[in-house]
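Let me begin by presenting the structure, written as structure tokens, before commenting on it.
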Amino acid sequence: MAKVLVVTSGKGGVGKTTSTAALGATLAQMGEKVVVVDFDVGLRNLDLILGAERRVVFDFINVVQGVANLSQALIRDKRLENLWLLPASQTRDKDALTEEGVSKIVAELRTKFDWIICDSPAGIERGATLAMRYADEAVIVTNPEVSSVRDSDRIIGMLDSKTVKAEQGEQVQKHLLVTRFDTARAARGEMLSIDDVLEILATPLLGIIPESQDVLRASNVGSPVTLNDARSAPARAYIDAARRLMGETVPMMVPVARKGLMDRLLGRRAA
Amino acid sequence: MINLPRLFRSRAASAPVARERLQILLAHERGLRGQPDLLELLRAEILSVVSRHVALDPEKVHVKMDRGDHVSTLEVDIEVPNAVERWAAAV
């Protein structure tokens, strides 16, 4: 049965789009049929992170307004045959997104895919509320930092009250994904620890993504971090997280960057 | 002379401070969720009850809630137009 998963955070710049691309790509590699949907109308970026920015012809709003049908707007990934993108409109404003339109498209996507991953815009306005509206599950992306944790708490409150599931007396299944985590700084007491964040937000942990230069490197070339270098520390962390989404039990650990021979010889610090 | 303890203190862990600030703030904010609606409901009901007996300007009814550590207070401030007295003064 199809699952609608929203990737959300409240705060901007914490890694929602990076996480959407990485989790989507990994689930697709595991054989699941996945569509990643960009809800950030006017500020779309998922197309860029996936390296599909030049292939966008029609978008979400075009489908809502009947200018194009869904199959015309869906873009198939060039590397993974199971991964598809539904881009947001770059030219319209966020009011072009209606509850009725989103409901219709999500219902249609449910008949075609195993996973519908909704990349939420930052904030708590219409785009963000519509991205979570029909979700069965949610990944809350949080940095171990006070403003991000506070905003995540607010978003968790909205997931528990403003979604269709919540209104039906059910629960959106929530998963916490801590990104940009620095084990050494947390150990020195300079950064909130995973236990701190878990205790404050009281939400099950999906994964810990270490702070890494590999994330920027992958976005520079338009490739999900898991495809760009599957052996990098953030990629391994995302792959573990995706396996947990599939119901596997994977021991929780923070992958560390592997130093290459040259790095060792030159005494370079791992990124 | 270098003040060694002070040197160490300046590098003291800041994460526990972050954690404590968040715990206090979020306990407060979680309590506030849905609260504005409650206040608006109280305001509307108080207005309708008092309006049955005294003509009121709806804008002059203020309901405020203060949350303290041990007790919270609900403050209701209703301005009643003193039409009779003003009339009397004019005569």
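Chain lettering (A, B, ...) mirrors the order of the structure tokens, residue numbering begins at 1 for each chain separately, and ligand numbering begins at 1 in order of display.
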(Q) Show me, as a count of residues only, the residues of chain A whose atoms get within 12 Å of chain B, using only C-alpha atoms for the distance check. (A) 35
(Q) I'd like to know which residues of segment 30-90 of chain B are alpha helix (DSSP H) (by DSSP, run on the backbone); could you write them as a list in words? (A) Arg30, Gly31, Leu32, Gln35, Pro36, Asp37, Leu38, Leu39, Glu40, Leu41, Leu42, Arg43, Ala44, Glu45, Ile46, Leu47, Ser48, Val49, Val50, Ser51, Ala83, Val84, Glu85, Arg86, Trp87, Ala88, Ala89 and Ala90 of chain B
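Look at Ala44 of chain B: the protein and nucleic acid residues within 12 Å of it, using only C-alpha atoms and passing over chain neighbours fewer than 5 places away, are Asp37, Leu38, Leu39, Val49, Val50, Ser51, Pro58, Glu59, Lys60, Val61, His62, Val63 and Val76 of chain B.
Atom to atom, atom CA of Pro251 of chain A and atom CA of Ser232 of chain A stand 17.8 Å apart.
Ranking A:Tyr238, A:Trp84, A:Tyr134, A:Phe58 by their shortest atom-to-atom distance to Leu206 of chain A, with only C-alpha atoms included, puts A:Tyr238 first.
Distance check against Thr17 of chain A using only C-alpha atoms: of A:Asn45, A:Asn69, A:Gln29, A:Thr249, the minimum falls on A:Asn45.
Rounded to one decimal, atom CA of Leu227 of chain A and atom CA of Asp240 of chain A lie 14.1 Å from each other.
Proximity ranking of A:Thr226, A:Ser89, A:Thr163, A:Thr26 relative to Ala138 of chain A places A:Thr163 first, based on only C-alpha atoms.
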